[in-house]
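Structure below is my_file.csv: CSV, C-alpha atoms.
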```
chain,number,residue,atom,x,y,z
A,13,MET,CA,148.4,55.9,-92.1
A,14,ALA,CA,149.5,57.5,-95.3
A,15,GLU,CA,146.8,58.1,-98.0
A,16,MET,CA,147.2,55.8,-101.0
A,17,GLU,CA,147.9,57.4,-104.4
A,18,SER,CA,144.8,57.8,-106.5
A,19,TYR,CA,143.2,59.8,-109.3
A,20,ASP,CA,141.4,63.1,-108.7
A,21,LEU,CA,137.6,63.0,-108.3
A,22,VAL,CA,136.3,66.3,-109.5
A,23,LEU,CA,132.8,67.0,-108.2
A,24,HIS,CA,130.2,69.0,-110.1
A,25,LYS,CA,129.3,72.4,-108.7
A,26,ASP,CA,127.0,72.1,-105.6
A,27,ALA,CA,127.3,68.3,-105.6
A,28,ASP,CA,127.1,66.7,-102.1
A,29,PRO,CA,129.3,63.6,-102.0
A,30,SER,CA,127.8,62.4,-98.7
A,31,THR,CA,125.3,59.6,-99.0
A,32,SER,CA,124.7,56.2,-97.5
A,33,GLY,CA,123.7,52.7,-98.6
A,34,VAL,CA,125.3,50.8,-101.4
A,35,ALA,CA,128.2,51.7,-103.6
A,36,ILE,CA,128.6,49.8,-106.9
A,37,CYS,CA,131.5,49.9,-109.4
A,38,GLY,CA,132.0,48.4,-112.8
A,39,PHE,CA,134.9,48.7,-115.2
A,40,SER,CA,135.6,47.9,-118.8
A,41,THR,CA,137.3,44.6,-118.1
A,42,VAL,CA,136.7,41.1,-119.5
A,43,GLY,CA,133.4,40.8,-121.4
A,44,MET,CA,132.6,44.5,-120.4
A,45,VAL,CA,130.4,42.9,-117.7
A,46,GLY,CA,131.1,45.5,-115.1
A,47,VAL,CA,130.6,48.6,-117.3
A,48,ILE,CA,127.4,47.2,-118.9
A,49,ALA,CA,125.9,46.5,-115.5
A,50,ALA,CA,126.9,49.9,-114.1
A,51,SER,CA,125.5,51.7,-117.1
A,52,HIS,CA,122.2,49.8,-116.8
A,53,ILE,CA,121.9,50.7,-113.1
A,54,ILE,CA,122.5,54.3,-113.9
A,55,SER,CA,119.9,54.4,-116.6
A,56,GLN,CA,117.2,52.3,-114.9
A,57,LEU,CA,117.4,54.0,-111.6
A,58,LYS,CA,117.9,57.5,-113.2
A,59,LEU,CA,120.9,58.3,-111.1
A,60,GLN,CA,122.4,61.8,-111.3
A,61,GLN,CA,126.1,62.4,-112.2
A,62,LEU,CA,128.0,63.5,-109.2
A,63,GLY,CA,131.4,64.1,-110.7
A,64,THR,CA,134.2,63.0,-112.9
A,65,VAL,CA,137.6,61.3,-112.4
A,66,LEU,CA,140.4,63.1,-114.2
A,67,ASN,CA,144.0,62.7,-114.9
A,68,SER,CA,146.4,64.2,-117.4
A,69,GLU,CA,147.5,60.7,-118.6
A,70,PHE,CA,143.9,59.7,-119.6
A,71,PRO,CA,143.2,59.7,-123.3
A,72,ALA,CA,141.6,63.0,-124.5
A,73,MET,CA,138.1,62.1,-125.5
A,74,ALA,CA,134.4,62.6,-124.9
A,75,LEU,CA,131.9,59.7,-124.9
A,76,VAL,CA,128.6,61.0,-126.3
A,77,HIS,CA,125.4,59.6,-124.8
A,78,HIS,CA,122.0,60.8,-126.1
A,79,GLU,CA,123.8,63.9,-127.6
A,80,VAL,CA,125.6,64.7,-124.3
A,81,PRO,CA,129.4,64.5,-124.2
A,82,LYS,CA,130.9,63.1,-121.0
A,83,HIS,CA,134.3,62.1,-119.7
A,84,PRO,CA,134.8,58.3,-119.7
A,85,VAL,CA,135.2,57.9,-115.9
A,86,ARG,CA,132.3,59.1,-113.8
A,87,VAL,CA,130.5,58.7,-110.5
A,88,TYR,CA,126.7,58.9,-110.0
A,89,GLN,CA,124.4,58.8,-107.0
A,90,GLY,CA,120.8,58.5,-106.0
A,91,ASP,CA,118.8,57.5,-103.0
A,92,ASN,CA,121.0,55.2,-100.9
A,93,ILE,CA,123.0,54.2,-104.0
A,94,GLY,CA,126.1,55.3,-105.8
A,95,VAL,CA,127.8,54.0,-109.0
A,96,PHE,CA,131.4,54.4,-110.1
A,97,THR,CA,132.0,53.5,-113.8
A,98,ALA,CA,134.8,53.7,-116.4
A,99,GLU,CA,133.7,53.3,-120.0
A,100,VAL,CA,137.2,53.1,-121.4
A,101,ARG,CA,139.6,50.2,-121.0
A,102,PHE,CA,142.8,51.2,-119.2
A,103,GLY,CA,146.0,49.1,-118.9
A,104,PRO,CA,146.5,46.9,-115.8
A,105,GLU,CA,149.2,49.2,-114.6
A,106,ARG,CA,146.4,51.6,-113.6
A,107,ASP,CA,144.4,49.1,-111.6
A,108,ILE,CA,145.7,50.1,-108.1
A,109,LEU,CA,145.2,53.8,-108.8
A,110,PHE,CA,141.6,53.2,-109.9
A,111,ALA,CA,140.9,50.9,-107.0
A,112,ASN,CA,142.2,53.5,-104.5
A,113,THR,CA,140.1,56.1,-106.2
A,114,VAL,CA,137.0,53.9,-105.7
A,115,LEU,CA,138.0,53.4,-102.0
A,116,GLN,CA,138.3,57.1,-101.4
A,117,TRP,CA,134.9,57.7,-103.0
A,118,PHE,CA,133.4,54.9,-101.0
A,119,THR,CA,134.8,55.9,-97.6
A,120,LYS,CA,134.3,59.7,-98.0
A,121,GLY,CA,130.8,59.1,-99.3
A,122,GLY,CA,129.8,57.3,-96.2
A,123,PHE,CA,128.5,54.2,-98.0
A,124,GLU,CA,127.9,51.0,-96.0
A,125,ARG,CA,129.0,48.4,-98.5
A,126,LEU,CA,130.8,48.3,-101.8
A,127,ILE,CA,129.9,45.8,-104.6
A,128,ILE,CA,132.2,45.2,-107.6
A,129,ILE,CA,130.7,43.6,-110.7
A,130,ASP,CA,133.1,41.9,-113.0
A,131,GLY,CA,133.4,39.0,-115.5
A,132,VAL,CA,135.3,35.8,-115.5
A,133,ALA,CA,136.4,34.5,-118.9
A,134,ARG,CA,135.9,30.9,-119.8
A,135,GLU,CA,138.4,29.0,-121.9
A,136,ASN,CA,135.5,27.1,-123.6
A,137,ILE,CA,132.8,29.7,-124.0
A,138,ASP,CA,130.4,27.0,-125.3
A,139,ASP,CA,130.3,25.5,-121.8
A,140,ARG,CA,129.1,28.7,-120.1
A,141,ASP,CA,126.1,28.0,-117.8
A,142,GLY,CA,125.5,31.4,-116.4
A,143,SER,CA,127.6,30.6,-113.3
A,144,LEU,CA,128.2,33.3,-110.7
A,145,TYR,CA,131.0,33.5,-108.1
A,146,GLY,CA,131.3,35.7,-105.1
A,147,VAL,CA,133.8,36.7,-102.5
A,148,SER,CA,133.4,39.2,-99.7
A,149,SER,CA,135.7,40.8,-97.1
A,150,SER,CA,133.0,40.6,-94.4
A,151,LYS,CA,131.3,37.7,-92.7
A,152,ASN,CA,127.9,39.3,-93.3
A,153,GLY,CA,128.7,39.6,-97.0
A,154,ARG,CA,129.8,35.9,-97.2
A,155,GLU,CA,126.7,34.8,-95.5
A,156,ARG,CA,124.5,36.9,-97.8
A,157,LEU,CA,126.2,35.5,-100.9
A,158,LYS,CA,125.3,32.0,-99.7
A,159,GLU,CA,121.7,33.1,-99.0
A,160,ILE,CA,121.2,34.2,-102.5
A,161,GLY,CA,122.8,31.2,-104.0
A,162,VAL,CA,126.0,32.6,-105.3
A,163,GLU,CA,128.9,30.1,-105.2
A,164,PRO,CA,131.7,31.4,-102.9
A,165,ILE,CA,135.3,31.3,-104.0
A,166,LYS,CA,137.0,29.2,-101.4
A,167,GLN,CA,140.5,29.0,-102.9
A,168,GLY,CA,142.1,30.9,-105.8
A,169,ILE,CA,143.0,34.3,-107.0
A,170,VAL,CA,140.9,37.3,-108.0
A,171,ALA,CA,143.0,39.6,-110.2
A,172,GLY,CA,142.7,43.2,-111.1
A,173,ILE,CA,140.7,46.0,-109.6
A,174,ALA,CA,138.2,43.6,-108.0
A,175,GLY,CA,140.9,41.6,-106.3
A,176,TYR,CA,142.6,44.6,-104.9
A,177,LEU,CA,139.4,46.1,-103.6
A,178,ILE,CA,138.3,42.9,-101.7
A,179,ALA,CA,141.8,42.5,-100.3
A,180,GLU,CA,141.8,46.1,-99.1
A,181,GLY,CA,138.3,45.6,-97.7
A,182,ASP,CA,139.7,42.8,-95.5
A,183,ARG,CA,142.7,44.9,-94.5
A,184,LEU,CA,140.8,48.0,-93.6
A,185,GLY,CA,137.7,46.3,-92.1
A,186,LEU,CA,135.4,47.5,-94.9
A,187,ASP,CA,132.4,45.6,-96.3
A,188,VAL,CA,133.5,44.9,-99.9
A,189,THR,CA,131.9,42.2,-102.1
A,190,ALA,CA,132.8,41.1,-105.6
A,191,ILE,CA,130.2,39.3,-107.8
A,192,LEU,CA,131.8,37.7,-110.9
A,193,ALA,CA,129.9,36.3,-113.8
A,194,ASP,CA,131.0,33.7,-116.4
A,195,CYS,CA,131.3,35.6,-119.7
A,196,ASN,CA,132.4,35.5,-123.3
A,197,PRO,CA,135.6,37.6,-123.5
A,198,MET,CA,135.2,38.0,-127.3
A,199,TYR,CA,132.3,40.5,-127.2
A,200,PRO,CA,130.3,42.7,-124.7
A,201,ASP,CA,128.4,40.1,-122.8
A,202,ALA,CA,125.2,41.8,-121.8
A,203,ARG,CA,123.6,38.4,-120.7
A,204,ALA,CA,126.4,37.9,-118.2
A,205,ALA,CA,125.8,41.4,-116.9
A,206,ALA,CA,122.1,40.7,-116.5
A,207,ILE,CA,122.9,37.6,-114.5
A,208,ALA,CA,125.2,39.5,-112.3
A,209,LEU,CA,122.7,42.3,-111.8
A,210,GLU,CA,120.0,39.8,-110.8
A,211,ALA,CA,122.3,38.7,-108.0
A,212,VAL,CA,123.1,42.3,-107.0
A,213,SER,CA,119.4,43.0,-106.8
A,214,ASP,CA,118.9,40.0,-104.5
A,215,PHE,CA,122.0,40.9,-102.5
A,216,THR,CA,121.0,44.5,-101.9
A,217,GLN,CA,117.2,44.3,-102.1
A,218,ILE,CA,117.3,47.1,-104.7
A,219,GLU,CA,114.9,46.4,-107.6
A,220,ILE,CA,116.8,46.7,-110.9
A,221,PRO,CA,114.6,46.1,-114.1
A,222,LEU,CA,116.4,43.8,-116.5
A,223,THR,CA,114.0,43.5,-119.5
A,224,SER,CA,115.9,46.0,-121.7
A,225,LEU,CA,119.3,44.5,-120.8
A,226,LEU,CA,118.1,41.0,-121.8
A,227,GLU,CA,116.8,42.4,-125.1
A,228,ASP,CA,120.2,44.0,-125.7
A,229,ALA,CA,121.9,40.6,-124.9
A,230,LYS,CA,119.7,38.9,-127.5
A,231,ARG,CA,120.6,41.4,-130.2
A,232,ILE,CA,124.3,41.2,-129.4
A,233,GLU,CA,124.2,37.4,-129.5
A,234,GLU,CA,122.3,37.3,-132.8
A,235,SER,CA,124.8,39.7,-134.3
A,236,VAL,CA,127.8,37.7,-133.2
A,237,ARG,CA,126.2,34.5,-134.3
A,238,GLU,CA,125.6,36.0,-137.8
A,239,VAL,CA,129.2,37.1,-138.0
A,240,PHE,CA,130.4,33.7,-137.0
A,241,GLU,CA,128.1,31.9,-139.5
A,242,ASN,CA,129.2,34.2,-142.3
A,243,SER,CA,132.9,33.5,-141.4
A,244,GLN,CA,132.3,29.8,-141.9
A,245,THR,CA,131.5,30.4,-145.6
A,246,MET,CA,134.8,32.0,-146.3
A,247,LEU,CA,137.4,30.0,-148.3
A,248,PRO,CA,140.2,28.6,-146.1
A,249,ALA,CA,143.7,30.0,-146.6
A,250,PRO,CA,145.8,28.1,-149.2
A,251,GLU,CA,148.1,25.5,-147.8
A,252,SER,CA,151.8,26.4,-147.8
A,253,ASP,CA,154.2,24.5,-150.1
A,254,ILE,CA,157.0,25.0,-147.7
A,255,ASP,CA,158.1,21.9,-145.8
A,256,PRO,CA,157.7,22.7,-142.1
A,257,SER,CA,160.7,20.5,-141.3
A,258,PHE,CA,163.0,22.6,-143.4
A,259,GLY,CA,164.9,25.5,-142.0
```
Go ahead and express the file in the form of structure tokens.
Amino acid sequence: MAEMESYDLVLHKDADPSTSGVAICGFSTVGMVGVIAASHIISQLKLQQLGTVLNSEFPAMALVHHEVPKHPVRVYQGDNIGVFTAEVRFGPERDILFANTVLQWFTKGGFERLIIIDGVARENIDDRDGSLYGVSSSKNGRERLKEIGVEPIKQGIVAGIAGYLIAEGDRLGLDVTAILADCNPMYPDARAAAIALEAVSDFTQIEIPLTSLLEDAKRIEESVREVFENSQTMLPAPESDIDPSFG
């Protein structure tokens, strides 16, 4: 079978890509749920950076965290866990390339299962109830989702990187699971990320502290609420004198 086209994963000097256990990936998609969750896992479990994903078509930039500059797409690992994260939003035309890069990292690293964390935008964000949805390429994964109380997707479409990865998991016989959280698409939804991470913790039996993430969620929500309330005090735009039926 021909190897699928992907981006280059450049490992740090003396890095050992072989590991085992759980691989987790999160991207800068709707509500930033995946990347917020991935970043929280990295910081809370104190994972070490393993390498960087590079391509000449990526925007030239450095993201600075705690005074340290980093490329936006990186991989990390620790004891029985690895994390793949992209902190910049790329166009949908790159989804398959990114997904294939995740698959190569997952298979060559010797992981047992892959979990994708992502968000699901709600048309009426006021009706969000913290719902989670899951879909898995393996029977064991589907049973585990039911055990932890995550509603399975029985019919429908999962788009983007998450959709491609679970479909490839089914095709290749890999254990790939997507956990999708209701989120607000208008701002980084840290609360949705926390809800997804709680499910990931239950799914994997890996303890992931959530206190700081919930505090971040509260700050974000208060900031957004303040902006919204301030916007209500602004004067409405003047009505047009032009007859809409004319023309």
Pick from A:Asp130, A:Glu227, A:Asp182, A:Glu155, whichever lies nearest to Cys195 (chain A) using all atoms listed in the file: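 Distance minimum relative to Cys195 (chain A) lands on A:Asp130.
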Report the closest atom pair, with its distance in Å rounded to one decimal, for each residue of region 216-235 of chain A that has an atom no farther than 8 Å from region 42-56 of chain A; count only C-alpha atoms, sort by chain and then rising residue number, and write it as a Markdown table.
```
| residue | atom | partner | partner_atom | distance |
| --- | --- | --- | --- | --- |
| A:Ile220 | CA | A:Ile53 | CA | 6.8 |
| A:Pro221 | CA | A:Gln56 | CA | 6.8 |
| A:Leu225 | CA | A:His52 | CA | 7.2 |
```
Is there a way to get, as JSON, numbers by chain, all residues within 12 Å of the point (131.6, 57.2, -106.9) in file coordinates, counting all atoms listed in the file? {"A": [20, 21, 22, 23, 27, 28, 29, 30, 31, 32, 34, 35, 36, 37, 38, 50, 54, 59, 60, 61, 62, 63, 64, 65, 85, 86, 87, 88, 89, 90, 93, 94, 95, 96, 97, 98, 110, 111, 112, 113, 114, 115, 116, 117, 118, 119, 120, 121, 122, 123, 126, 127]}
Okay, now the selection with C-alpha atoms, as a PDB file, in the coordinates of the input?
```
ATOM      1  CA  ASP A  20     141.400  63.100-108.700  1.00  0.00           C
ATOM      2  CA  LEU A  21     137.600  63.000-108.300  1.00  0.00           C
ATOM      3  CA  VAL A  22     136.300  66.300-109.500  1.00  0.00           C
ATOM      4  CA  LEU A  23     132.800  67.000-108.200  1.00  0.00           C
ATOM      5  CA  ALA A  27     127.300  68.300-105.600  1.00  0.00           C
ATOM      6  CA  ASP A  28     127.100  66.700-102.100  1.00  0.00           C
ATOM      7  CA  PRO A  29     129.300  63.600-102.000  1.00  0.00           C
ATOM      8  CA  SER A  30     127.800  62.400 -98.700  1.00  0.00           C
ATOM      9  CA  THR A  31     125.300  59.600 -99.000  1.00  0.00           C
ATOM     10  CA  SER A  32     124.700  56.200 -97.500  1.00  0.00           C
ATOM     11  CA  VAL A  34     125.300  50.800-101.400  1.00  0.00           C
ATOM     12  CA  ALA A  35     128.200  51.700-103.600  1.00  0.00           C
ATOM     13  CA  ILE A  36     128.600  49.800-106.900  1.00  0.00           C
ATOM     14  CA  CYS A  37     131.500  49.900-109.400  1.00  0.00           C
ATOM     15  CA  GLY A  38     132.000  48.400-112.800  1.00  0.00           C
ATOM     16  CA  ALA A  50     126.900  49.900-114.100  1.00  0.00           C
ATOM     17  CA  ILE A  54     122.500  54.300-113.900  1.00  0.00           C
ATOM     18  CA  LEU A  59     120.900  58.300-111.100  1.00  0.00           C
ATOM     19  CA  GLN A  60     122.400  61.800-111.300  1.00  0.00           C
ATOM     20  CA  GLN A  61     126.100  62.400-112.200  1.00  0.00           C
ATOM     21  CA  LEU A  62     128.000  63.500-109.200  1.00  0.00           C
ATOM     22  CA  GLY A  63     131.400  64.100-110.700  1.00  0.00           C
ATOM     23  CA  THR A  64     134.200  63.000-112.900  1.00  0.00           C
ATOM     24  CA  VAL A  65     137.600  61.300-112.400  1.00  0.00           C
ATOM     25  CA  VAL A  85     135.200  57.900-115.900  1.00  0.00           C
ATOM     26  CA  ARG A  86     132.300  59.100-113.800  1.00  0.00           C
ATOM     27  CA  VAL A  87     130.500  58.700-110.500  1.00  0.00           C
ATOM     28  CA  TYR A  88     126.700  58.900-110.000  1.00  0.00           C
ATOM     29  CA  GLN A  89     124.400  58.800-107.000  1.00  0.00           C
ATOM     30  CA  GLY A  90     120.800  58.500-106.000  1.00  0.00           C
ATOM     31  CA  ILE A  93     123.000  54.200-104.000  1.00  0.00           C
ATOM     32  CA  GLY A  94     126.100  55.300-105.800  1.00  0.00           C
ATOM     33  CA  VAL A  95     127.800  54.000-109.000  1.00  0.00           C
ATOM     34  CA  PHE A  96     131.400  54.400-110.100  1.00  0.00           C
ATOM     35  CA  THR A  97     132.000  53.500-113.800  1.00  0.00           C
ATOM     36  CA  ALA A  98     134.800  53.700-116.400  1.00  0.00           C
ATOM     37  CA  PHE A 110     141.600  53.200-109.900  1.00  0.00           C
ATOM     38  CA  ALA A 111     140.900  50.900-107.000  1.00  0.00           C
ATOM     39  CA  ASN A 112     142.200  53.500-104.500  1.00  0.00           C
ATOM     40  CA  THR A 113     140.100  56.100-106.200  1.00  0.00           C
ATOM     41  CA  VAL A 114     137.000  53.900-105.700  1.00  0.00           C
ATOM     42  CA  LEU A 115     138.000  53.400-102.000  1.00  0.00           C
ATOM     43  CA  GLN A 116     138.300  57.100-101.400  1.00  0.00           C
ATOM     44  CA  TRP A 117     134.900  57.700-103.000  1.00  0.00           C
ATOM     45  CA  PHE A 118     133.400  54.900-101.000  1.00  0.00           C
ATOM     46  CA  THR A 119     134.800  55.900 -97.600  1.00  0.00           C
ATOM     47  CA  LYS A 120     134.300  59.700 -98.000  1.00  0.00           C
ATOM     48  CA  GLY A 121     130.800  59.100 -99.300  1.00  0.00           C
ATOM     49  CA  GLY A 122     129.800  57.300 -96.200  1.00  0.00           C
ATOM     50  CA  PHE A 123     128.500  54.200 -98.000  1.00  0.00           C
ATOM     51  CA  LEU A 126     130.800  48.300-101.800  1.00  0.00           C
ATOM     52  CA  ILE A 127     129.900  45.800-104.600  1.00  0.00           C
TER      53      ILE A 127
END
```
Selection: 9 Å around His83 (chain A), all atoms listed in the file, excl. self and same-chain fewer than 3 positions, as a PDB file with C-alpha atoms, in the frame of the given file:
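This is the output file selection.pdb:
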```pdb
ATOM      1  CA  THR A  64     134.200  63.000-112.900  1.00  0.00           C
ATOM      2  CA  VAL A  65     137.600  61.300-112.400  1.00  0.00           C
ATOM      3  CA  LEU A  66     140.400  63.100-114.200  1.00  0.00           C
ATOM      4  CA  ALA A  72     141.600  63.000-124.500  1.00  0.00           C
ATOM      5  CA  MET A  73     138.100  62.100-125.500  1.00  0.00           C
ATOM      6  CA  ALA A  74     134.400  62.600-124.900  1.00  0.00           C
ATOM      7  CA  LEU A  75     131.900  59.700-124.900  1.00  0.00           C
ATOM      8  CA  VAL A  76     128.600  61.000-126.300  1.00  0.00           C
ATOM      9  CA  ARG A  86     132.300  59.100-113.800  1.00  0.00           C
ATOM     10  CA  GLU A  99     133.700  53.300-120.000  1.00  0.00           C
TER      11      GLU A  99
END
```
Suppose you want the space between CA of Ile191 (chain A) and CA of Ala208 (chain A); what is it in Å?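 Distance reported for this atom pair: 6.7 Å.
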Ranking A:Thr223, A:Ser143, A:Thr189, A:Asn67 by minimum distance to Val162 (chain A) and counting only C-alpha atoms, which one comes first?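 Among A:Thr223, A:Ser143, A:Thr189, A:Asn67, it is A:Ser143 that comes nearest to Val162 (chain A).
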Measure the distance from CA of Pro200 (chain A) to CA of Glu69 (chain A) in Å and round it to one decimal. 25.6 Å
Could you pull out every residue with an atom within 9 Å of (139.1, 31.6, -112.0), file coordinates, counting all atoms listed in the file, and send them as a list of chain:residue names?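 So the residues meeting the distance criterion are A:Val132, A:Ala133, A:Arg134, A:Ile165, A:Gly168, A:Ile169, A:Val170.
Nearest to Glu105 (chain A) of all the residues A:Asn196, A:Gly172, A:Ala211, A:Lys230 is A:Gly172, counting only C-alpha atoms.
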Would you work out the distance separating CA of Glu79 (chain A) from CA of Lys58 (chain A), expressed in Å to one decimal?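 These atoms are spaced 16.8 Å apart.
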Pick from A:Leu157, A:Ile129, A:Ala174, A:Val147, whichever lies nearest to Ala205 (chain A) using only C-alpha atoms: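 Checking each candidate against Ala205 (chain A), we get A:Ile129 as the closest.
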